[in-house]
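Asks: Provided herewith: query_1.txt, compact mmCIF, C-alpha atoms and all ligand atoms.
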```txt
# COMPACT_ATOMS: atom_id res chain seq x y z
CA MET B 145 37.89 164.35 42.99
CA LYS B 146 34.25 164.01 43.95
CA ILE B 147 32.77 162.87 47.27
CA TYR B 148 29.06 162.16 47.68
CA ALA B 149 27.55 162.26 51.18
CA TYR B 150 24.35 160.57 52.35
CA GLY B 151 22.04 161.31 55.28
CA ILE B 152 23.32 164.87 55.79
CA ARG B 153 21.27 166.53 58.56
CA ASP B 154 20.69 170.27 58.83
CA ASP B 155 22.94 170.46 61.90
CA GLU B 156 25.83 169.00 59.86
CA LYS B 157 25.57 171.52 57.02
CA PRO B 158 27.68 174.32 58.63
CA SER B 159 30.54 171.85 59.29
CA LEU B 160 30.22 170.50 55.75
CA LYS B 161 30.31 174.05 54.31
CA GLU B 162 33.44 174.78 56.36
CA TRP B 163 35.17 171.64 55.06
CA GLU B 164 34.17 172.42 51.45
CA THR B 165 35.57 175.96 51.71
CA ALA B 166 38.86 174.56 53.00
CA HIS B 167 39.01 171.98 50.17
CA PRO B 168 38.12 173.78 46.91
CA GLU B 169 39.84 171.00 44.92
CA VAL B 170 37.17 168.49 46.02
CA GLU B 171 33.68 168.49 44.51
CA VAL B 172 31.14 167.75 47.23
CA ALA B 173 27.56 166.66 46.64
CA PHE B 174 25.16 165.55 49.35
CA THR B 175 21.64 164.43 50.11
CA GLN B 176 19.43 164.00 53.17
CA GLU B 177 18.50 160.54 51.88
CA LEU B 178 20.06 157.45 53.40
CA LEU B 179 22.18 155.04 51.36
CA THR B 180 20.07 152.24 49.82
CA PRO B 181 20.43 150.17 46.64
CA GLU B 182 18.25 152.79 44.90
CA THR B 183 19.93 155.96 46.19
CA ALA B 184 23.39 154.45 45.56
CA LYS B 185 22.88 155.34 41.88
CA ASN B 186 22.93 159.05 42.74
CA ALA B 187 26.61 158.76 43.66
CA ALA B 188 27.59 157.96 40.05
CA GLY B 189 30.89 159.62 39.19
CA ALA B 190 32.00 159.98 42.81
CA ASP B 191 35.30 158.62 44.08
CA GLY B 192 33.86 157.80 47.48
CA VAL B 193 30.80 158.14 49.69
CA VAL B 194 30.42 159.55 53.21
CA VAL B 195 27.62 157.99 55.26
CA TYR B 196 25.90 157.77 58.66
CA GLN B 197 22.79 155.68 59.28
CA GLN B 198 21.36 152.92 61.44
CA LEU B 199 19.81 151.34 58.34
CA PRO B 200 21.88 148.30 57.28
CA TYR B 201 24.52 148.60 54.56
CA THR B 202 23.49 145.39 52.78
CA ARG B 203 25.24 143.41 50.06
CA GLU B 204 22.78 144.92 47.54
CA THR B 205 23.65 148.44 48.67
CA LEU B 206 27.39 147.80 48.48
CA GLN B 207 26.99 146.07 45.11
CA ALA B 208 25.06 149.09 43.82
CA LEU B 209 28.01 151.33 44.78
CA ALA B 210 30.52 148.91 43.29
CA ASP B 211 28.51 148.90 40.05
CA GLN B 212 29.35 152.62 39.72
CA GLY B 213 33.01 151.92 40.42
CA ILE B 214 32.82 153.11 44.04
CA HIS B 215 34.75 150.88 46.44
CA GLN B 216 35.13 153.10 49.49
CA MET B 217 32.79 154.26 52.21
CA SER B 218 33.62 156.70 55.02
CA LEU B 219 31.40 156.54 58.09
CA ARG B 220 30.79 159.71 60.07
CA ASN B 221 30.26 157.51 63.16
CA VAL B 222 32.18 154.64 64.73
CA GLY B 223 29.91 151.56 64.54
CA ILE B 224 30.40 149.08 61.71
CA ASP B 225 27.94 146.47 63.01
CA ASN B 226 25.30 147.37 60.40
CA ILE B 227 27.66 146.74 57.46
CA ASP B 228 27.69 143.40 55.61
CA LEU B 229 31.46 143.11 56.07
CA LYS B 230 31.69 139.82 54.17
CA ALA B 231 30.19 141.49 51.11
CA ALA B 232 32.36 144.58 51.66
CA LYS B 233 35.47 142.41 51.69
CA GLU B 234 34.45 140.44 48.61
CA LEU B 235 33.70 143.66 46.74
CA GLY B 236 37.07 145.12 47.73
CA PHE B 237 35.75 148.00 49.84
CA LYS B 238 37.89 150.27 51.98
CA ILE B 239 35.97 151.59 54.97
CA SER B 240 36.87 154.35 57.39
CA ASN B 241 35.12 155.47 60.57
CA VAL B 242 35.43 158.20 63.18
CA ALA B 243 36.37 156.40 66.39
CA ALA B 244 36.92 159.44 68.58
CA TYR B 245 34.99 162.57 67.70
CA SER B 246 34.82 164.13 71.14
CA PRO B 247 35.19 161.97 74.25
CA ASN B 248 34.43 165.11 76.28
CA ALA B 249 30.92 165.33 74.82
CA ILE B 250 30.01 161.93 76.26
CA ALA B 251 31.96 162.29 79.51
CA GLU B 252 30.44 165.72 80.23
CA HIS B 253 26.95 164.33 79.62
CA ALA B 254 27.59 161.50 82.08
CA ALA B 255 28.91 163.94 84.71
CA ILE B 256 26.05 166.41 84.24
CA GLN B 257 23.35 163.73 84.46
CA LEU B 258 25.05 162.11 87.44
CA ALA B 259 25.10 165.44 89.27
CA ARG B 260 21.44 166.03 88.34
CA ILE B 261 20.43 162.66 89.82
CA LEU B 262 22.30 163.45 93.03
CA ARG B 263 20.62 166.89 93.30
CA ARG B 264 17.21 165.37 92.40
CA SER B 265 16.82 168.03 89.76
CA LYS B 266 14.05 166.21 87.83
CA GLU B 267 11.85 166.32 90.94
CA LEU B 268 12.86 169.88 91.80
CA ASP B 269 12.27 171.14 88.24
CA ALA B 270 8.78 169.55 88.27
CA LYS B 271 7.99 171.27 91.60
CA VAL B 272 9.23 174.65 90.36
CA ALA B 273 7.20 174.29 87.15
CA LYS B 274 4.11 173.92 89.38
CA ARG B 275 5.27 176.95 91.44
CA ASP B 276 5.92 174.74 94.48
CA LEU B 277 9.03 176.51 95.72
CA ARG B 278 9.52 174.62 98.99
CA TRP B 279 12.91 173.02 99.69
CA ALA B 280 11.83 169.83 101.42
CA PRO B 281 11.85 166.96 100.78
CA THR B 282 14.05 167.48 97.72
CA ILE B 283 17.40 167.46 99.50
CA GLY B 284 20.44 166.67 97.35
CA ARG B 285 23.73 164.85 97.74
CA GLU B 286 27.18 166.26 96.89
CA VAL B 287 29.32 164.72 94.18
CA ARG B 288 32.43 165.04 96.35
CA MET B 289 30.90 162.78 98.98
CA GLN B 290 30.55 159.91 96.50
CA THR B 291 32.83 157.08 95.53
CA VAL B 292 32.36 156.80 91.78
CA GLY B 293 33.26 153.52 90.10
CA VAL B 294 34.35 154.05 86.50
CA VAL B 295 34.17 150.84 84.47
CA GLY B 296 36.40 151.22 81.42
CA THR B 297 39.22 153.78 81.42
CA GLY B 298 39.45 154.32 77.66
CA ARG B 299 39.00 157.70 75.99
CA ILE B 300 35.67 158.56 77.60
CA GLY B 301 36.18 156.97 81.02
CA ARG B 302 39.42 158.90 81.51
CA VAL B 303 37.84 162.28 80.70
CA LEU B 304 35.00 161.48 83.12
CA ILE B 305 37.54 160.72 85.86
CA GLN B 306 39.18 164.14 85.30
CA ILE B 307 35.83 165.93 85.45
CA LEU B 308 34.70 164.12 88.61
CA GLN B 309 38.04 164.75 90.30
CA GLY B 310 37.30 168.44 89.75
CA PHE B 311 34.17 167.95 91.86
CA GLY B 312 36.29 166.21 94.52
CA ALA B 313 34.73 162.75 94.13
CA LYS B 314 36.67 159.66 95.15
CA ILE B 315 37.31 157.52 92.07
CA VAL B 316 37.74 153.77 91.83
CA ALA B 317 38.35 152.37 88.35
CA TYR B 318 38.48 149.04 86.61
CA ASP B 319 39.69 148.09 83.15
CA ILE B 320 40.93 144.84 81.66
CA PHE B 321 43.88 146.86 80.31
CA LYS B 322 45.35 149.35 82.76
CA ASN B 323 46.05 152.88 81.57
CA PRO B 324 49.44 154.07 82.91
CA ASP B 325 48.16 157.52 84.04
CA ILE B 326 45.22 156.09 85.94
CA ASP B 327 47.46 153.38 87.39
CA LYS B 328 49.98 156.00 88.55
CA GLN B 329 47.19 157.75 90.42
CA GLY B 330 46.40 154.47 92.20
CA LEU B 331 42.76 154.48 91.12
CA TYR B 332 42.43 150.87 89.95
CA VAL B 333 40.76 148.18 92.01
CA ASP B 334 41.54 144.54 91.25
CA SER B 335 38.16 143.33 90.10
CA LEU B 336 34.74 144.45 88.98
CA ASP B 337 33.32 142.88 92.16
CA GLU B 338 35.54 145.16 94.26
CA LEU B 339 34.39 148.18 92.25
CA TYR B 340 30.74 147.14 92.71
CA ALA B 341 31.23 146.76 96.48
CA LYS B 342 32.95 150.14 96.95
CA SER B 343 30.97 152.46 94.67
CA ASP B 344 28.08 154.81 95.45
CA VAL B 345 27.81 155.54 91.73
CA ILE B 346 28.82 153.22 88.88
CA SER B 347 29.41 154.57 85.38
CA LEU B 348 29.93 152.31 82.36
CA HIS B 349 32.40 153.18 79.60
CA VAL B 350 33.10 149.84 77.92
CA PRO B 351 32.16 148.58 74.45
CA SER B 352 29.27 146.22 73.87
CA VAL B 353 31.34 143.17 73.01
CA LYS B 354 29.95 139.69 73.71
CA GLU B 355 31.52 139.37 77.17
CA ASN B 356 30.07 142.70 78.31
CA ILE B 357 26.45 142.15 77.27
CA HIS B 358 24.22 142.42 80.38
CA MET B 359 27.22 142.95 82.65
CA ILE B 360 24.78 144.84 84.86
CA ASN B 361 22.33 142.11 85.83
CA LYS B 362 20.59 140.64 88.89
CA ASP B 363 23.82 139.05 90.18
CA SER B 364 26.09 142.06 89.69
CA ILE B 365 23.48 144.41 91.19
CA ALA B 366 23.36 142.16 94.29
CA LYS B 367 27.09 142.88 94.78
CA MET B 368 26.55 146.66 94.81
CA LYS B 369 25.89 149.03 97.71
CA ASP B 370 22.28 149.66 98.67
CA GLY B 371 21.07 152.85 96.98
CA VAL B 372 23.69 152.76 94.22
CA VAL B 373 23.27 155.11 91.24
CA LEU B 374 23.90 153.62 87.79
CA VAL B 375 25.06 155.62 84.79
CA ASN B 376 24.97 154.16 81.29
CA VAL B 377 25.96 156.44 78.45
CA ALA B 378 27.82 153.62 76.68
CA ARG B 379 25.61 150.95 75.08
CA GLY B 380 22.09 149.79 75.97
CA ASP B 381 22.83 146.07 75.96
CA LEU B 382 25.44 146.39 78.73
CA VAL B 383 22.46 146.55 81.09
CA ASP B 384 19.74 143.98 81.73
CA THR B 385 16.96 146.56 81.92
CA ASP B 386 14.47 144.22 83.64
CA ALA B 387 17.00 143.63 86.43
CA VAL B 388 17.48 147.38 86.87
CA VAL B 389 13.72 148.02 86.91
CA ALA B 390 13.37 145.42 89.70
CA ALA B 391 16.25 147.04 91.60
CA LEU B 392 14.71 150.52 91.19
CA ASP B 393 11.43 149.11 92.56
CA SER B 394 13.17 147.61 95.60
CA GLY B 395 15.31 150.72 96.21
CA LYS B 396 18.57 148.78 95.76
CA VAL B 397 19.28 151.15 92.86
CA SER B 398 18.36 154.72 93.86
CA GLY B 399 18.79 156.33 90.47
CA MET B 400 19.60 155.59 86.86
CA VAL B 401 21.07 157.68 84.09
CA MET B 402 20.44 156.17 80.67
CA ASP B 403 21.43 157.75 77.37
CA VAL B 404 21.19 154.36 75.71
CA TYR B 405 18.60 151.59 75.87
CA GLU B 406 18.60 147.93 74.83
CA ASN B 407 15.77 148.41 72.31
CA GLU B 408 16.53 151.98 71.26
CA ILE B 409 16.75 151.41 67.49
CA GLY B 410 13.60 152.71 65.86
CA ILE B 411 12.51 154.46 69.09
CA PHE B 412 15.20 157.07 69.74
CA ASN B 413 15.49 160.09 67.45
CA GLU B 414 11.77 159.96 66.60
CA ASP B 415 8.94 162.23 67.78
CA TRP B 416 6.32 160.14 69.63
CA GLU B 417 4.20 163.07 70.77
CA GLY B 418 0.53 162.27 70.09
CA LYS B 419 1.38 158.74 68.92
CA LYS B 420 1.20 155.38 70.67
CA PHE B 421 4.54 154.90 72.45
CA PRO B 422 6.01 151.59 71.30
CA ASP B 423 7.77 150.40 74.48
CA ALA B 424 5.89 150.20 77.79
CA ARG B 425 9.03 149.54 79.86
CA LEU B 426 10.80 152.64 78.50
CA ASP B 427 7.59 154.65 78.89
CA ASP B 428 7.57 153.76 82.60
CA LEU B 429 11.28 154.57 83.04
CA ILE B 430 10.85 158.00 81.42
CA ASP B 431 8.12 158.80 83.98
CA ARG B 432 10.19 157.89 87.03
CA PRO B 433 11.56 160.85 89.01
CA ASN B 434 14.86 159.06 89.73
CA VAL B 435 15.55 157.98 86.14
CA LEU B 436 17.04 160.34 83.56
CA VAL B 437 16.50 159.18 79.99
CA THR B 438 18.13 160.94 77.05
CA PRO B 439 17.77 159.58 73.50
CA HIS B 440 21.44 158.75 72.75
CA THR B 441 22.38 162.42 72.70
CA ALA B 442 25.53 162.25 74.84
CA PHE B 443 27.62 162.65 71.69
CA TYR B 444 25.39 165.32 70.18
CA THR B 445 27.39 168.54 70.48
CA THR B 446 28.53 171.05 67.89
CA LYS B 447 32.17 170.02 68.39
CA ALA B 448 31.45 166.29 67.97
CA VAL B 449 29.33 166.84 64.85
CA LEU B 450 32.09 169.00 63.31
CA GLU B 451 34.67 166.27 64.02
CA MET B 452 32.43 163.56 62.53
CA VAL B 453 31.98 165.52 59.30
CA HIS B 454 35.58 166.75 58.95
CA GLN B 455 37.30 163.49 59.88
CA SER B 456 35.07 161.42 57.57
CA PHE B 457 35.64 163.72 54.57
CA ASP B 458 39.40 163.85 55.26
CA ALA B 459 39.45 160.04 55.37
CA ALA B 460 37.41 159.76 52.14
CA VAL B 461 39.91 161.99 50.32
CA ALA B 462 42.91 160.14 51.76
CA ILE B 463 41.55 156.76 50.67
CA ALA B 464 40.70 158.05 47.19
CA ASN B 465 44.28 159.38 46.90
CA GLY B 466 45.70 156.05 48.08
CA GLN B 467 47.10 157.68 51.21
CA GLU B 468 47.28 156.33 54.74
CA THR B 469 44.57 157.35 57.20
CA ARG B 470 44.30 156.53 60.89
CA ASN B 471 40.53 156.27 60.34
CA LEU B 472 40.79 153.14 58.16
CA VAL B 473 38.82 150.20 59.61
CA LYS B 474 40.49 146.78 59.63
CA PHE B 475 38.00 144.02 58.87
N1 LIG B 501 26.14 157.73 74.19
C1 LIG B 501 26.90 158.12 73.19
O1 LIG B 501 26.54 159.06 72.47
C2 LIG B 501 28.23 157.43 72.93
C3 LIG B 501 29.10 158.03 72.00
C4 LIG B 501 30.36 157.43 71.78
C5 LIG B 501 30.71 156.26 72.43
N2 LIG B 501 29.83 155.67 73.30
C6 LIG B 501 30.19 154.42 73.98
O2 LIG B 501 31.07 154.68 75.06
C7 LIG B 501 31.82 153.50 75.35
C8 LIG B 501 33.30 153.83 75.60
O3 LIG B 501 33.86 154.45 74.46
P1 LIG B 501 35.42 154.87 74.41
O4 LIG B 501 35.61 155.70 73.19
O5 LIG B 501 35.86 155.39 75.73
O6 LIG B 501 36.07 153.42 74.16
P2 LIG B 501 37.59 152.97 74.38
O7 LIG B 501 37.81 151.85 73.45
O8 LIG B 501 38.52 154.14 74.33
O9 LIG B 501 37.58 152.43 75.89
C9 LIG B 501 36.89 151.30 76.29
C10 LIG B 501 37.66 150.67 77.44
O10 LIG B 501 36.87 149.62 78.00
C11 LIG B 501 37.78 148.60 78.41
N3 LIG B 501 37.01 147.36 78.62
C12 LIG B 501 36.42 146.57 77.72
N4 LIG B 501 35.72 145.59 78.34
C13 LIG B 501 35.87 145.79 79.67
C14 LIG B 501 35.38 145.13 80.84
N5 LIG B 501 34.59 144.06 80.74
N6 LIG B 501 35.73 145.61 82.03
C15 LIG B 501 36.52 146.69 82.12
N7 LIG B 501 37.01 147.36 81.08
C16 LIG B 501 36.69 146.92 79.87
C17 LIG B 501 38.81 148.56 77.31
O11 LIG B 501 40.01 147.92 77.74
C18 LIG B 501 39.00 150.06 77.03
O12 LIG B 501 40.04 150.62 77.82
C19 LIG B 501 31.57 152.55 74.18
O13 LIG B 501 30.56 151.62 74.57
C20 LIG B 501 30.98 153.44 73.12
O14 LIG B 501 30.14 152.70 72.27
C21 LIG B 501 28.60 156.24 73.55
```
Can you give me the file's structure in the form of structure tokens?
Ligand SMILES: NC(=O)c1ccc[n+]([C@@H]2O[C@H](COP(=O)([O-])OP(=O)(O)OC[C@H]3O[C@@H](n4cnc5c(N)ncnc54)[C@H](O)[C@@H]3O)[C@@H](O)[C@H]2O)c1
Replies:
Amino acid sequence: MKIYAYGIRDDEKPSLKEWETAHPEVEVAFTQELLTPETAKNAAGADGVVVYQQLPYTRETLQALADQGIHQMSLRNVGIDNIDLKAAKELGFKISNVAAYSPNAIAEHAAIQLARILRRSKELDAKVAKRDLRWAPTIGREVRMQTVGVVGTGRIGRVLIQILQGFGAKIVAYDIFKNPDIDKQGLYVDSLDELYAKSDVISLHVPSVKENIHMINKDSIAKMKDGVVLVNVARGDLVDTDAVVAALDSGKVSGMVMDVYENEIGIFNEDWEGKKFPDARLDDLIDRPNVLVTPHTAFYTTKAVLEMVHQSFDAAVAIANGQETRNLVKF
């Protein structure tokens, strides 16, 4: 059995080595290059490919794999939106993904950034860097004094609730499908509007499906408390960024955590130092003392990377052996 992996980063290599050592029966080959119609040829002789990229998996790319007899692709990430699924179906592809690599990685990031906003640590760090060691006016707020509204109580939302309960925060939650544990704790409110009205901090943990696009907009912000803090470590397009910028300007929103951004593709995970920054709105947000921007790194921990590599290779082997895998994507 041979598995060929594309787009392998240096930080993935230790996890890959570990998997290889545990599976001597599988021949592993890999490249840093992404999967394209040209590079697909390098996988000749493999039973399956393991991939992770934002670059589209086009019909031509899938055809190039199929031409070498490869009809399976195992993603190291979750998103399948950049795959030509019609072509994949027609070419008889089996696709797996890694839906849950480490919910804690994302939930911890949300909690840490939320606490940093409340303690005004961006402002304080900048003062300390200048050797201004005065306390005032950089007074903080305590997490336990906040009502935190958690929108979406799936894998990540639930871990965030646990973490914030450790701080002593009051939680209100909303989900279109109630989770029995959260329900038992009596944390659910009946509507998003009720959550908006009650929360000092609102954290999003829902997918970017059609109905959720721009769920944070001018109208929903108007329903929130004055001085609300928004946390988005889910998907950029859940938030109408222009509406949030206006609300930051007016003070309606007192702080924003954003690990994701509507136009992040092609901007995040690049080094812009010394180059013309391509997005004036993001440039401005990065400069604001009450906005914490991270470049989609909530997931980026050693544990999550290990899970992404190990689960994708396990799934690739299972598919090649005709075995069941919970990672198989239905499309
Ligand atoms: N920043 C990162 O690095 C990163 C990494 C992984 C996942 N994410 C994102 O985090 C989000 C949550 O992921 P998850 O694994 O917890 O997903 P999940 O599927 O386990 O949970 C999502 C929950 O949202 C609920 N939901 C959907 N629409 C809703 C709505 N309009 N109102 C209320 N609830 C709604 C669903 O019923 C579900 O319970 C996703 O957007 C995912 O893309 C971000």
Asks: 9 Å from ligand LIG 501 (chain B) is the threshold here; counting only C-alpha atoms and all ligand atoms, which polymer residues fall inside it? Answer as a PyMOL selection string.
Replies: chain B and resi 221-223+243-247+249-251+253-254+294-303+317-323+335-336+348-353+355-356+359+376-380+382+402-404+439-444
Asks: With only C-alpha atoms as the counted atoms, please give the residues lying no more than 9 Å from B:Asp191, apart from itself and same-chain residues fewer than 6 positions off, as a PyMOL selection string.
Replies: chain B and resi 145-148+213-216+460-461+464
Asks: Would you output that residue set with C-alpha atoms, as a short mmCIF file (atom, residue, chain, number, x, y, z; two decimals), in the coordinates of the input?
Replies:
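Resulting contents of out.cif:
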```cif
data_model
loop_
_atom_site.label_atom_id
_atom_site.label_comp_id
_atom_site.auth_asym_id
_atom_site.auth_seq_id
_atom_site.Cartn_x
_atom_site.Cartn_y
_atom_site.Cartn_z
CA MET B 145 37.89 164.35 42.99
CA LYS B 146 34.25 164.01 43.95
CA ILE B 147 32.77 162.87 47.27
CA TYR B 148 29.06 162.16 47.68
CA GLY B 213 33.01 151.92 40.42
CA ILE B 214 32.82 153.11 44.04
CA HIS B 215 34.75 150.88 46.44
CA GLN B 216 35.13 153.10 49.49
CA ALA B 460 37.41 159.76 52.14
CA VAL B 461 39.91 161.99 50.32
CA ALA B 464 40.70 158.05 47.19
#
```
Asks: Could you jot down the atom CA of B:Leu374 to atom CA of B:Leu258 separation for me, Å, one decimal place?
Replies: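 Calculated distance between atom CA of B:Leu374 and atom CA of B:Leu258 is 8.6 Å.
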Asks: With a distance cut-off of 10 Å and only C-alpha atoms, select the neighbouring residues of B:His167, excluding the residue or stretch itself and same-chain residues fewer than 6 positions from it, and output the selection as a PyMOL selection string.
Replies: chain B and resi 161+457-458
Asks: Would you output that residue set with C-alpha atoms, as a PDB file, in the coordinates of the input?
Replies:
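Saved as out.pdb:
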```pdb
ATOM      1  CA  LYS B 161      30.310 174.050  54.310  1.00  0.00           C
ATOM      2  CA  PHE B 457      35.640 163.720  54.570  1.00  0.00           C
ATOM      3  CA  ASP B 458      39.400 163.850  55.260  1.00  0.00           C
TER       4      ASP B 458
END
```
Asks: Mind giving me the straight-line distance from atom CA of B:Glu234 to atom CA of B:His454 in Å, one decimal?
Replies: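 One can read the atom CA of B:Glu234 to atom CA of B:His454 distance as 28.3 Å.
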Asks: State, in Å with one decimal place, the distance from atom CA of B:Ala448 to atom CA of B:Phe475.
Replies: 24.9 Å
Asks: Which protein, DNA or RNA residues have an atom at most 9 Å from (19.6, 153.3, 52.1), counting all atoms listed in the file? List them as a ChimeraX atom specification.
Replies: /B:150-151,177-184,197,199-202,205
Asks: Choose the residue, out of B:Val449, B:Leu262, B:Ile357, B:Val287, that has the smallest atom-to-atom separation from B:Gly371; count all atoms listed in the file.
Replies: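 The answer is B:Leu262, which sits nearest to B:Gly371.
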Asks: Here is a test: counting only C-alpha atoms, which residue of B:Ser240, B:Asn248, B:Arg263, B:Gly310 is nearest to B:Thr446?
Replies: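 Residue with the minimum atom-to-atom distance to B:Thr446: B:Asn248.
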Asks: If we count only C-alpha atoms, what is near B:Leu429 at a cut-off of 10 Å, once residues fewer than 4 positions away on the same chain are taken out, given as a PDB file with C-alpha atoms, in the frame of the given file?
Replies:
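Result file follows (around-v9.pdb):
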```
ATOM      1  CA  THR B 385      16.960 146.560  81.920  1.00  0.00           C
ATOM      2  CA  VAL B 389      13.720 148.020  86.910  1.00  0.00           C
ATOM      3  CA  LEU B 392      14.710 150.520  91.190  1.00  0.00           C
ATOM      4  CA  MET B 400      19.600 155.590  86.860  1.00  0.00           C
ATOM      5  CA  MET B 402      20.440 156.170  80.670  1.00  0.00           C
ATOM      6  CA  ALA B 424       5.890 150.200  77.790  1.00  0.00           C
ATOM      7  CA  ARG B 425       9.030 149.540  79.860  1.00  0.00           C
ATOM      8  CA  PRO B 433      11.560 160.850  89.010  1.00  0.00           C
ATOM      9  CA  ASN B 434      14.860 159.060  89.730  1.00  0.00           C
ATOM     10  CA  VAL B 435      15.550 157.980  86.140  1.00  0.00           C
ATOM     11  CA  LEU B 436      17.040 160.340  83.560  1.00  0.00           C
ATOM     12  CA  VAL B 437      16.500 159.180  79.990  1.00  0.00           C
TER      13      VAL B 437
END
```
Asks: Hey, what's within 9 Å of B:Gln290 if we count all atoms listed in the file and toss same-chain stuff fewer than 5 positions away? As a list in words, please?
Replies: Arg285, Gly312, Ala313, Lys314, Ile315, Ser343, Asp344 and Val345 of chain B
Asks: What does the file look like for those residues with C-alpha atoms, as a PDB file, in the coordinates of the input?
Replies:
```pdb
ATOM      1  CA  ARG B 285      23.730 164.850  97.740  1.00  0.00           C
ATOM      2  CA  GLY B 312      36.290 166.210  94.520  1.00  0.00           C
ATOM      3  CA  ALA B 313      34.730 162.750  94.130  1.00  0.00           C
ATOM      4  CA  LYS B 314      36.670 159.660  95.150  1.00  0.00           C
ATOM      5  CA  ILE B 315      37.310 157.520  92.070  1.00  0.00           C
ATOM      6  CA  SER B 343      30.970 152.460  94.670  1.00  0.00           C
ATOM      7  CA  ASP B 344      28.080 154.810  95.450  1.00  0.00           C
ATOM      8  CA  VAL B 345      27.810 155.540  91.730  1.00  0.00           C
TER       9      VAL B 345
END
```
